[in-house]
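**Q** So here's final.cif (mmCIF, C-alpha atoms).
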data_run
#
loop_
_atom_site.group_PDB
_atom_site.id
_atom_site.type_symbol
_atom_site.label_atom_id
_atom_site.label_comp_id
_atom_site.auth_asym_id
_atom_site.auth_seq_id
_atom_site.Cartn_x
_atom_site.Cartn_y
_atom_site.Cartn_z
ATOM 1 C CA MET L 1 41.279 -31.747 20.202
ATOM 2 C CA THR L 2 39.088 -29.174 21.880
ATOM 3 C CA GLU L 3 35.504 -29.441 22.932
ATOM 4 C CA LYS L 4 32.729 -26.899 22.629
ATOM 5 C CA ASN L 5 29.537 -27.002 24.629
ATOM 6 C CA ILE L 6 26.478 -25.265 23.256
ATOM 7 C CA THR L 7 23.633 -24.404 25.582
ATOM 8 C CA THR L 8 20.302 -22.755 24.900
ATOM 9 C CA LYS L 9 18.353 -20.848 27.505
ATOM 10 C CA ILE L 10 14.675 -21.780 27.264
ATOM 11 C CA GLN L 11 12.204 -19.953 29.457
ATOM 12 C CA VAL L 12 9.123 -22.031 30.297
ATOM 13 C CA TYR L 13 5.812 -20.235 30.787
ATOM 14 C CA SER L 14 2.185 -21.102 31.226
ATOM 15 C CA TYR L 15 -0.280 -19.105 29.149
ATOM 16 C CA SER L 16 -1.363 -17.081 32.200
ATOM 17 C CA GLU L 17 2.229 -15.886 32.751
ATOM 18 C CA LEU L 18 2.537 -14.310 29.293
ATOM 19 C CA THR L 19 2.240 -10.595 28.598
ATOM 20 C CA GLU L 20 -0.911 -9.404 26.816
ATOM 21 C CA GLU L 21 1.116 -8.946 23.609
ATOM 22 C CA GLN L 22 2.425 -12.528 23.835
ATOM 23 C CA LYS L 23 -1.065 -13.904 24.578
ATOM 24 C CA LYS L 24 -2.436 -12.145 21.505
ATOM 25 C CA LEU L 25 0.290 -13.684 19.338
ATOM 26 C CA VAL L 26 -0.285 -17.164 20.799
ATOM 27 C CA ASP L 27 -4.036 -16.817 20.216
ATOM 28 C CA LEU L 28 -3.416 -15.765 16.599
ATOM 29 C CA ALA L 29 -1.105 -18.756 16.055
ATOM 30 C CA LYS L 30 -3.821 -21.069 17.378
ATOM 31 C CA GLU L 31 -6.387 -19.387 15.130
ATOM 32 C CA ALA L 32 -4.004 -19.782 12.173
ATOM 33 C CA THR L 33 -4.131 -23.586 12.491
ATOM 34 C CA LYS L 34 -7.653 -23.349 10.999
ATOM 35 C CA GLY L 35 -6.096 -22.131 7.732
ATOM 36 C CA SER L 36 -3.824 -25.152 7.511
ATOM 37 C CA TYR L 37 -4.135 -27.584 4.619
ATOM 38 C CA ALA L 38 -2.798 -30.842 6.040
ATOM 39 C CA PRO L 39 -4.742 -33.769 4.543
ATOM 40 C CA TYR L 40 -1.678 -36.047 4.578
ATOM 41 C CA SER L 41 -0.139 -35.469 8.007
ATOM 42 C CA GLN L 42 -3.242 -34.253 9.870
ATOM 43 C CA PHE L 43 -0.769 -31.975 11.687
ATOM 44 C CA ASN L 44 -2.183 -28.465 11.412
ATOM 45 C CA VAL L 45 0.482 -25.899 12.247
ATOM 46 C CA GLY L 46 -0.201 -22.216 12.793
ATOM 47 C CA ALA L 47 2.193 -19.328 13.203
ATOM 48 C CA ALA L 48 1.775 -15.653 13.928
ATOM 49 C CA VAL L 49 4.384 -12.928 13.673
ATOM 50 C CA LEU L 50 4.466 -9.483 15.212
ATOM 51 C CA LEU L 51 6.299 -6.938 13.092
ATOM 52 C CA GLU L 52 8.202 -3.994 14.541
ATOM 53 C CA ASN L 53 5.514 -1.678 13.099
ATOM 54 C CA GLY L 54 2.815 -3.434 15.190
ATOM 55 C CA VAL L 55 1.255 -5.409 12.308
ATOM 56 C CA THR L 56 0.527 -9.095 12.973
ATOM 57 C CA ILE L 57 0.499 -11.732 10.244
ATOM 58 C CA LYS L 58 -0.703 -15.329 10.405
ATOM 59 C CA GLY L 59 0.616 -18.324 8.494
ATOM 60 C CA ALA L 60 -0.360 -21.988 8.262
ATOM 61 C CA ASN L 61 1.247 -25.079 6.794
ATOM 62 C CA GLN L 62 0.116 -25.998 3.287
ATOM 63 C CA GLU L 63 0.748 -29.570 2.192
ATOM 64 C CA ASN L 64 0.719 -31.021 -1.294
ATOM 65 C CA ALA L 65 0.688 -34.551 -2.698
ATOM 66 C CA ALA L 66 4.164 -33.747 -4.050
ATOM 67 C CA PHE L 67 5.532 -33.406 -0.501
ATOM 68 C CA PRO L 68 8.521 -31.121 -1.159
ATOM 69 C CA VAL L 69 6.320 -28.348 -2.566
ATOM 70 C CA GLY L 70 4.417 -27.718 0.662
ATOM 71 C CA ILE L 71 5.337 -24.943 3.056
ATOM 72 C CA CYS L 72 5.507 -24.737 6.823
ATOM 73 C CA ALA L 73 3.453 -22.263 8.844
ATOM 74 C CA GLU L 74 6.493 -20.304 9.998
ATOM 75 C CA ARG L 75 7.792 -19.661 6.494
ATOM 76 C CA SER L 76 4.257 -18.966 5.279
ATOM 77 C CA ALA L 77 4.016 -16.155 7.849
ATOM 78 C CA ILE L 78 7.509 -14.684 7.509
ATOM 79 C CA PHE L 79 7.524 -14.799 3.702
ATOM 80 C CA ASN L 80 4.153 -13.029 3.734
ATOM 81 C CA ALA L 81 5.700 -10.400 6.012
ATOM 82 C CA GLY L 82 8.737 -10.041 3.750
ATOM 83 C CA ALA L 83 6.611 -9.718 0.607
ATOM 84 C CA ASN L 84 4.097 -7.253 2.042
ATOM 85 C CA TYR L 85 6.263 -5.322 4.511
ATOM 86 C CA PRO L 86 9.772 -5.339 3.008
ATOM 87 C CA GLY L 87 12.431 -4.057 5.356
ATOM 88 C CA VAL L 88 10.196 -4.272 8.438
ATOM 89 C CA GLY L 89 11.712 -6.524 11.087
ATOM 90 C CA ILE L 90 9.910 -9.275 12.957
ATOM 91 C CA LYS L 91 9.792 -8.759 16.744
ATOM 92 C CA SER L 92 8.222 -12.076 17.679
ATOM 93 C CA ILE L 93 6.829 -15.330 16.315
ATOM 94 C CA ALA L 94 4.498 -17.870 17.959
ATOM 95 C CA VAL L 95 4.100 -21.423 16.628
ATOM 96 C CA THR L 96 1.634 -24.158 17.593
ATOM 97 C CA ALA L 97 -0.017 -27.264 16.151
ATOM 98 C CA PHE L 98 -3.420 -28.946 16.279
ATOM 99 C CA THR L 99 -3.764 -32.682 15.662
ATOM 100 C CA ARG L 100 -6.162 -35.490 16.601
ATOM 101 C CA GLY L 101 -8.752 -32.995 17.834
ATOM 102 C CA ALA L 102 -6.529 -31.022 20.219
ATOM 103 C CA PHE L 103 -3.576 -28.700 20.429
ATOM 104 C CA VAL L 104 -0.279 -30.501 20.971
ATOM 105 C CA GLU L 105 0.742 -31.097 24.584
ATOM 106 C CA GLU L 106 4.437 -30.346 24.093
ATOM 107 C CA PRO L 107 5.545 -27.036 22.571
ATOM 108 C CA CYS L 108 5.773 -27.135 18.788
ATOM 109 C CA ALA L 109 9.266 -26.369 17.448
ATOM 110 C CA PRO L 110 10.119 -25.140 13.936
ATOM 111 C CA CYS L 111 11.767 -27.561 11.513
ATOM 112 C CA GLY L 112 15.381 -27.041 10.431
ATOM 113 C CA VAL L 113 14.475 -25.240 7.205
ATOM 114 C CA CYS L 114 12.245 -22.813 9.124
ATOM 115 C CA ARG L 115 14.941 -22.268 11.740
ATOM 116 C CA GLN L 116 17.396 -21.120 9.084
ATOM 117 C CA ALA L 117 14.761 -18.890 7.445
ATOM 118 C CA LEU L 118 13.869 -17.298 10.809
ATOM 119 C CA ILE L 119 17.535 -16.646 11.532
ATOM 120 C CA GLU L 120 18.018 -14.948 8.183
ATOM 121 C CA PHE L 121 15.025 -12.661 8.789
ATOM 122 C CA GLU L 122 16.405 -11.902 12.257
ATOM 123 C CA LYS L 123 19.889 -11.103 10.982
ATOM 124 C CA ASN L 124 18.495 -8.870 8.216
ATOM 125 C CA ALA L 125 16.387 -6.969 10.782
ATOM 126 C CA GLY L 126 19.406 -6.374 13.003
ATOM 127 C CA PHE L 127 17.678 -7.273 16.265
ATOM 128 C CA PRO L 128 16.601 -10.499 18.015
ATOM 129 C CA MET L 129 13.295 -12.201 17.204
ATOM 130 C CA GLU L 130 11.488 -13.632 20.219
ATOM 131 C CA VAL L 131 10.318 -17.203 19.564
ATOM 132 C CA LEU L 132 7.282 -18.666 21.367
ATOM 133 C CA MET L 133 6.813 -22.409 20.896
ATOM 134 C CA VAL L 134 3.344 -23.284 22.113
ATOM 135 C CA GLY L 135 2.003 -26.479 23.624
ATOM 136 C CA ASN L 136 -1.354 -26.997 25.282
ATOM 137 C CA ASP L 137 -0.428 -24.985 28.373
ATOM 138 C CA THR L 138 3.359 -24.977 28.222
ATOM 139 C CA ILE L 139 5.113 -22.296 26.221
ATOM 140 C CA TYR L 140 8.832 -22.238 25.522
ATOM 141 C CA ARG L 141 10.282 -18.771 24.991
ATOM 142 C CA LEU L 142 13.608 -18.046 23.332
ATOM 143 C CA ASP L 143 15.225 -14.618 23.234
ATOM 144 C CA SER L 144 16.395 -15.068 19.664
ATOM 145 C CA ALA L 145 15.785 -17.233 16.609
ATOM 146 C CA CYS L 146 19.539 -17.928 16.680
ATOM 147 C CA ASP L 147 18.916 -19.971 19.834
ATOM 148 C CA LEU L 148 16.985 -22.459 17.668
ATOM 149 C CA LEU L 149 19.994 -23.287 15.521
ATOM 150 C CA PRO L 150 23.303 -22.376 17.152
ATOM 151 C CA LEU L 151 25.423 -23.632 14.256
ATOM 152 C CA THR L 152 23.678 -21.636 11.554
ATOM 153 C CA PHE L 153 24.941 -20.530 8.162
ATOM 154 C CA LYS L 154 26.814 -17.325 8.975
ATOM 155 C CA GLU L 155 27.521 -15.933 5.524
ATOM 156 C CA PHE L 156 24.594 -14.985 3.347
#
Let me see the structure of the file written as structure tokens.
**A**
Amino acid sequence: MTEKNITTKIQVYSYSELTEEQKKLVDLAKEATKGSYAPYSQFNVGAAVLLENGVTIKGANQENAAFPVGICAERSAIFNAGANYPGVGIKSIAVTAFTRGAFVEEPCAPCGVCRQALIEFEKNAGFPMEVLMVGNDTIYRLDSACDLLPLTFKEF
């Protein structure tokens, strides 16, 4: 038997330590929570992506009484990017959530389905996608979407 250890480097920032470009993306993700439709979970998630051409796109979770047909904020944003800007890579994504009258304290992480979707967009672009997971004043930064899911599907 052999053993493999998997580690992920997570950089921890406060909002004031971000670059202006990162702050803009975080602000757009927070604004995107207002477009969320979350009557069942009351967990309003917003995402914003920055494309390599400088365009930014927002996404928000959309729930449905038939739970499997809803969509997460991250996939809402990246699928919008893919449909409207085919072949344009995503440089960065910011994700946050608003619930019980406030933004979440701990940084909001993408679900497993979103992680795989982000990785596929990253691989198709051919360069890493920065991931910003946003809490109230704590932001986790990853260099690559692949850091979210180290044992990803490799062949697609």
**Q** Within 8 Å of (4.7, -14.7, 15.8) (file coordinates; all atoms listed in the file), which protein or nucleic acid residues are there? I'd like them as a PyMOL selection string.
**A** chain L and resi 25-26+29+47-50+56-58+91-95+131-132
**Q** Can I get the selected residues back with C-alpha atoms, as a PDB file, keeping the file's coordinate frame?
**A**
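As a result, again.pdb now contains:
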ATOM      1  CA  LEU L  25       0.290 -13.684  19.338  1.00  0.00           C
ATOM      2  CA  VAL L  26      -0.285 -17.164  20.799  1.00  0.00           C
ATOM      3  CA  ALA L  29      -1.105 -18.756  16.055  1.00  0.00           C
ATOM      4  CA  ALA L  47       2.193 -19.328  13.203  1.00  0.00           C
ATOM      5  CA  ALA L  48       1.775 -15.653  13.928  1.00  0.00           C
ATOM      6  CA  VAL L  49       4.384 -12.928  13.673  1.00  0.00           C
ATOM      7  CA  LEU L  50       4.466  -9.483  15.212  1.00  0.00           C
ATOM      8  CA  THR L  56       0.527  -9.095  12.973  1.00  0.00           C
ATOM      9  CA  ILE L  57       0.499 -11.732  10.244  1.00  0.00           C
ATOM     10  CA  LYS L  58      -0.703 -15.329  10.405  1.00  0.00           C
ATOM     11  CA  LYS L  91       9.792  -8.759  16.744  1.00  0.00           C
ATOM     12  CA  SER L  92       8.222 -12.076  17.679  1.00  0.00           C
ATOM     13  CA  ILE L  93       6.829 -15.330  16.315  1.00  0.00           C
ATOM     14  CA  ALA L  94       4.498 -17.870  17.959  1.00  0.00           C
ATOM     15  CA  VAL L  95       4.100 -21.423  16.628  1.00  0.00           C
ATOM     16  CA  VAL L 131      10.318 -17.203  19.564  1.00  0.00           C
ATOM     17  CA  LEU L 132       7.282 -18.666  21.367  1.00  0.00           C
TER      18      LEU L 132
END
**Q** With the cut-off set at 9 Å and counting all atoms listed in the file, tabulate each residue of region 12-94 of chain L with an atom at most that distance from an atom of region 114-122 of chain L, showing the nearest atom pair and its distance in Å to one decimal, ordered by chain and increasing number, as a Markdown table.
**A**
| residue | atom | partner | partner_atom | distance |
| --- | --- | --- | --- | --- |
| L:Cys72 | CA | L:Cys114 | CA | 7.4 |
| L:Ala73 | CA | L:Cys114 | CA | 8.8 |
| L:Glu74 | CA | L:Cys114 | CA | 6.3 |
| L:Arg75 | CA | L:Cys114 | CA | 6.1 |
| L:Ile78 | CA | L:Leu118 | CA | 7.6 |
| L:Gly82 | CA | L:Phe121 | CA | 8.5 |
| L:Gly89 | CA | L:Glu122 | CA | 7.2 |
| L:Ile90 | CA | L:Glu122 | CA | 7.0 |
| L:Lys91 | CA | L:Glu122 | CA | 8.6 |
**Q** Here is a test: counting only C-alpha atoms, which residue of L:Pro39, L:Val55, L:Asn61, L:Gln11 is nearest to Asn84 (chain L)?
**A**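 That would be L:Val55, the residue with the smallest distance to Asn84 (chain L).
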**Q** For the file shown, what are the residues hit by the PyMOL selection byres ((chain L and resi 98-108) around 8), laid out as an MDAnalysis selection string?
**A** chainID L and resid 30 33 42:45 95:97 109:110 133:140
**Q** Those selected residues, please, written with C-alpha atoms and delivered as a JSON list (two decimals), keeping the file's coordinate frame.
**A**
[["chain", "number", "residue", "atom", "x", "y", "z"],
["L", 30, "LYS", "CA", -3.82, -21.07, 17.38],
["L", 33, "THR", "CA", -4.13, -23.59, 12.49],
["L", 42, "GLN", "CA", -3.24, -34.25, 9.87],
["L", 43, "PHE", "CA", -0.77, -31.98, 11.69],
["L", 44, "ASN", "CA", -2.18, -28.46, 11.41],
["L", 45, "VAL", "CA", 0.48, -25.90, 12.25],
["L", 95, "VAL", "CA", 4.10, -21.42, 16.63],
["L", 96, "THR", "CA", 1.63, -24.16, 17.59],
["L", 97, "ALA", "CA", -0.02, -27.26, 16.15],
["L", 109, "ALA", "CA", 9.27, -26.37, 17.45],
["L", 110, "PRO", "CA", 10.12, -25.14, 13.94],
["L", 133, "MET", "CA", 6.81, -22.41, 20.90],
["L", 134, "VAL", "CA", 3.34, -23.28, 22.11],
["L", 135, "GLY", "CA", 2.00, -26.48, 23.62],
["L", 136, "ASN", "CA", -1.35, -27.00, 25.28],
["L", 137, "ASP", "CA", -0.43, -24.98, 28.37],
["L", 138, "THR", "CA", 3.36, -24.98, 28.22],
["L", 139, "ILE", "CA", 5.11, -22.30, 26.22],
["L", 140, "TYR", "CA", 8.83, -22.24, 25.52]]
**Q** Please measure the separation of CA of Ala32 (chain L) and CA of Gly46 (chain L), giving the value in Å to one decimal.
**A**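 Answer for the CA of Ala32 (chain L) to CA of Gly46 (chain L) separation: 4.6 Å.
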**Q** Using only C-alpha atoms for the distances, tell me which of L:Leu148, L:Ala60, L:Gly70, L:Phe153 is nearest to Glu31 (chain L).
**A**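 The shortest atom-to-atom distance to Glu31 (chain L) comes from L:Ala60.
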**Q** Hey, which of L:Val113, L:Ala66, L:Ala83, L:Ile71 ends up closest to Tyr37 (chain L)? Count only C-alpha atoms.
**A**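 Among the listed residues, L:Ile71 lies closest to Tyr37 (chain L).
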**Q** Given the choices L:Pro86, L:Pro150, L:Pro68, L:Gly59, which gets closest to Ser36 (chain L) if the distance is worked out from all atoms listed in the file?
**A** L:Gly59
**Q** Once you add 8 Å to each side, what are the centre and edge lengths of the axis-aligned box holding all listed atoms of region 12-23 of chain L? One decimal in Å, as lines of an AutoDock Vina configuration file, if you can.
**A**
center_x = 3.9
center_y = -15.5
center_z = 28.2
size_x = 26.5
size_y = 29.1
size_z = 25.1
**Q** Considering all atoms listed in the file, can you say which of L:Val69, L:Lys23, L:Glu17, L:Gly112 comes closest to Leu149 (chain L)?
**A**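 Looking only at the distances to Leu149 (chain L), the closest residue turns out to be L:Gly112.
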**Q** So the first atom is CA of Gln22 (chain L) and the second is CA of Val88 (chain L); what is the distance between them in Å, to one decimal place?
**A**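 Atom-to-atom, CA of Gln22 (chain L) and CA of Val88 (chain L) are spaced 19.1 Å apart.
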**Q** Mind pulling up the distance from CA of Thr152 (chain L) to CA of Thr2 (chain L)?
**A**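 Computing it gives 20.0 Å between the two atoms.
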**Q** Closest to Leu142 (chain L) among L:Lys9, L:Lys123, L:Lys34, L:Lys24, using all atoms listed in the file?
**A**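 For Leu142 (chain L), the nearest of the candidates is L:Lys9.
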**Q** Assuming the input is short of atoms at region 66-90 of chain L, produce N, CA and C atoms for that part as a PDB file, keeping the file's coordinate frame.
**A**
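Full text of part.pdb as output:
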ATOM      1  N   ALA L  66       2.729 -33.752  -3.764  1.00  0.00           N
ATOM      2  CA  ALA L  66       4.164 -33.747  -4.050  1.00  0.00           C
ATOM      3  C   ALA L  66       4.824 -33.092  -2.834  1.00  0.00           C
ATOM      4  N   PHE L  67       5.146 -33.900  -1.820  1.00  0.00           N
ATOM      5  CA  PHE L  67       5.532 -33.406  -0.501  1.00  0.00           C
ATOM      6  C   PHE L  67       6.535 -32.252  -0.484  1.00  0.00           C
ATOM      7  N   PRO L  68       7.565 -32.229  -1.290  1.00  0.00           N
ATOM      8  CA  PRO L  68       8.521 -31.121  -1.159  1.00  0.00           C
ATOM      9  C   PRO L  68       7.954 -29.743  -1.510  1.00  0.00           C
ATOM     10  N   VAL L  69       6.813 -29.675  -2.169  1.00  0.00           N
ATOM     11  CA  VAL L  69       6.320 -28.348  -2.566  1.00  0.00           C
ATOM     12  C   VAL L  69       5.419 -27.702  -1.524  1.00  0.00           C
ATOM     13  N   GLY L  70       5.195 -28.339  -0.411  1.00  0.00           N
ATOM     14  CA  GLY L  70       4.417 -27.718   0.662  1.00  0.00           C
ATOM     15  C   GLY L  70       5.252 -26.661   1.361  1.00  0.00           C
ATOM     16  N   ILE L  71       4.614 -25.965   2.289  1.00  0.00           N
ATOM     17  CA  ILE L  71       5.337 -24.943   3.056  1.00  0.00           C
ATOM     18  C   ILE L  71       4.876 -24.988   4.510  1.00  0.00           C
ATOM     19  N   CYS L  72       5.806 -24.752   5.390  1.00  0.00           N
ATOM     20  CA  CYS L  72       5.507 -24.737   6.823  1.00  0.00           C
ATOM     21  C   CYS L  72       4.829 -23.426   7.213  1.00  0.00           C
ATOM     22  N   ALA L  73       4.168 -23.435   8.347  1.00  0.00           N
ATOM     23  CA  ALA L  73       3.453 -22.263   8.844  1.00  0.00           C
ATOM     24  C   ALA L  73       4.398 -21.092   9.100  1.00  0.00           C
ATOM     25  N   GLU L  74       5.557 -21.372   9.661  1.00  0.00           N
ATOM     26  CA  GLU L  74       6.493 -20.304   9.998  1.00  0.00           C
ATOM     27  C   GLU L  74       6.951 -19.562   8.749  1.00  0.00           C
ATOM     28  N   ARG L  75       7.347 -20.307   7.724  1.00  0.00           N
ATOM     29  CA  ARG L  75       7.792 -19.661   6.494  1.00  0.00           C
ATOM     30  C   ARG L  75       6.634 -19.007   5.761  1.00  0.00           C
ATOM     31  N   SER L  76       5.444 -19.594   5.856  1.00  0.00           N
ATOM     32  CA  SER L  76       4.257 -18.966   5.279  1.00  0.00           C
ATOM     33  C   SER L  76       4.070 -17.568   5.863  1.00  0.00           C
ATOM     34  N   ALA L  77       4.205 -17.445   7.170  1.00  0.00           N
ATOM     35  CA  ALA L  77       4.016 -16.155   7.849  1.00  0.00           C
ATOM     36  C   ALA L  77       5.157 -15.175   7.551  1.00  0.00           C
ATOM     37  N   ILE L  78       6.403 -15.639   7.678  1.00  0.00           N
ATOM     38  CA  ILE L  78       7.509 -14.684   7.509  1.00  0.00           C
ATOM     39  C   ILE L  78       7.694 -14.273   6.060  1.00  0.00           C
ATOM     40  N   PHE L  79       7.414 -15.181   5.116  1.00  0.00           N
ATOM     41  CA  PHE L  79       7.524 -14.799   3.702  1.00  0.00           C
ATOM     42  C   PHE L  79       6.417 -13.820   3.335  1.00  0.00           C
ATOM     43  N   ASN L  80       5.237 -13.988   3.922  1.00  0.00           N
ATOM     44  CA  ASN L  80       4.153 -13.029   3.734  1.00  0.00           C
ATOM     45  C   ASN L  80       4.602 -11.662   4.257  1.00  0.00           C
ATOM     46  N   ALA L  81       5.206 -11.653   5.434  1.00  0.00           N
ATOM     47  CA  ALA L  81       5.700 -10.400   6.012  1.00  0.00           C
ATOM     48  C   ALA L  81       6.749  -9.762   5.103  1.00  0.00           C
ATOM     49  N   GLY L  82       7.686 -10.564   4.616  1.00  0.00           N
ATOM     50  CA  GLY L  82       8.737 -10.041   3.750  1.00  0.00           C
ATOM     51  C   GLY L  82       8.201  -9.493   2.438  1.00  0.00           C
ATOM     52  N   ALA L  83       7.186 -10.155   1.883  1.00  0.00           N
ATOM     53  CA  ALA L  83       6.611  -9.718   0.607  1.00  0.00           C
ATOM     54  C   ALA L  83       5.759  -8.461   0.761  1.00  0.00           C
ATOM     55  N   ASN L  84       5.034  -8.363   1.869  1.00  0.00           N
ATOM     56  CA  ASN L  84       4.097  -7.253   2.042  1.00  0.00           C
ATOM     57  C   ASN L  84       4.629  -6.103   2.892  1.00  0.00           C
ATOM     58  N   TYR L  85       5.666  -6.358   3.663  1.00  0.00           N
ATOM     59  CA  TYR L  85       6.263  -5.322   4.511  1.00  0.00           C
ATOM     60  C   TYR L  85       7.785  -5.402   4.400  1.00  0.00           C
ATOM     61  N   PRO L  86       8.325  -5.205   3.185  1.00  0.00           N
ATOM     62  CA  PRO L  86       9.772  -5.339   3.008  1.00  0.00           C
ATOM     63  C   PRO L  86      10.542  -4.368   3.902  1.00  0.00           C
ATOM     64  N   GLY L  87      11.590  -4.883   4.512  1.00  0.00           N
ATOM     65  CA  GLY L  87      12.431  -4.057   5.356  1.00  0.00           C
ATOM     66  C   GLY L  87      11.919  -3.855   6.771  1.00  0.00           C
ATOM     67  N   VAL L  88      10.746  -4.387   7.092  1.00  0.00           N
ATOM     68  CA  VAL L  88      10.196  -4.272   8.438  1.00  0.00           C
ATOM     69  C   VAL L  88      10.567  -5.540   9.208  1.00  0.00           C
ATOM     70  N   GLY L  89      11.249  -5.382  10.316  1.00  0.00           N
ATOM     71  CA  GLY L  89      11.712  -6.524  11.087  1.00  0.00           C
ATOM     72  C   GLY L  89      10.603  -7.223  11.852  1.00  0.00           C
ATOM     73  N   ILE L  90      10.856  -8.466  12.182  1.00  0.00           N
ATOM     74  CA  ILE L  90       9.910  -9.275  12.957  1.00  0.00           C
ATOM     75  C   ILE L  90      10.366  -9.262  14.414  1.00  0.00           C
TER      76      ILE L  90
END
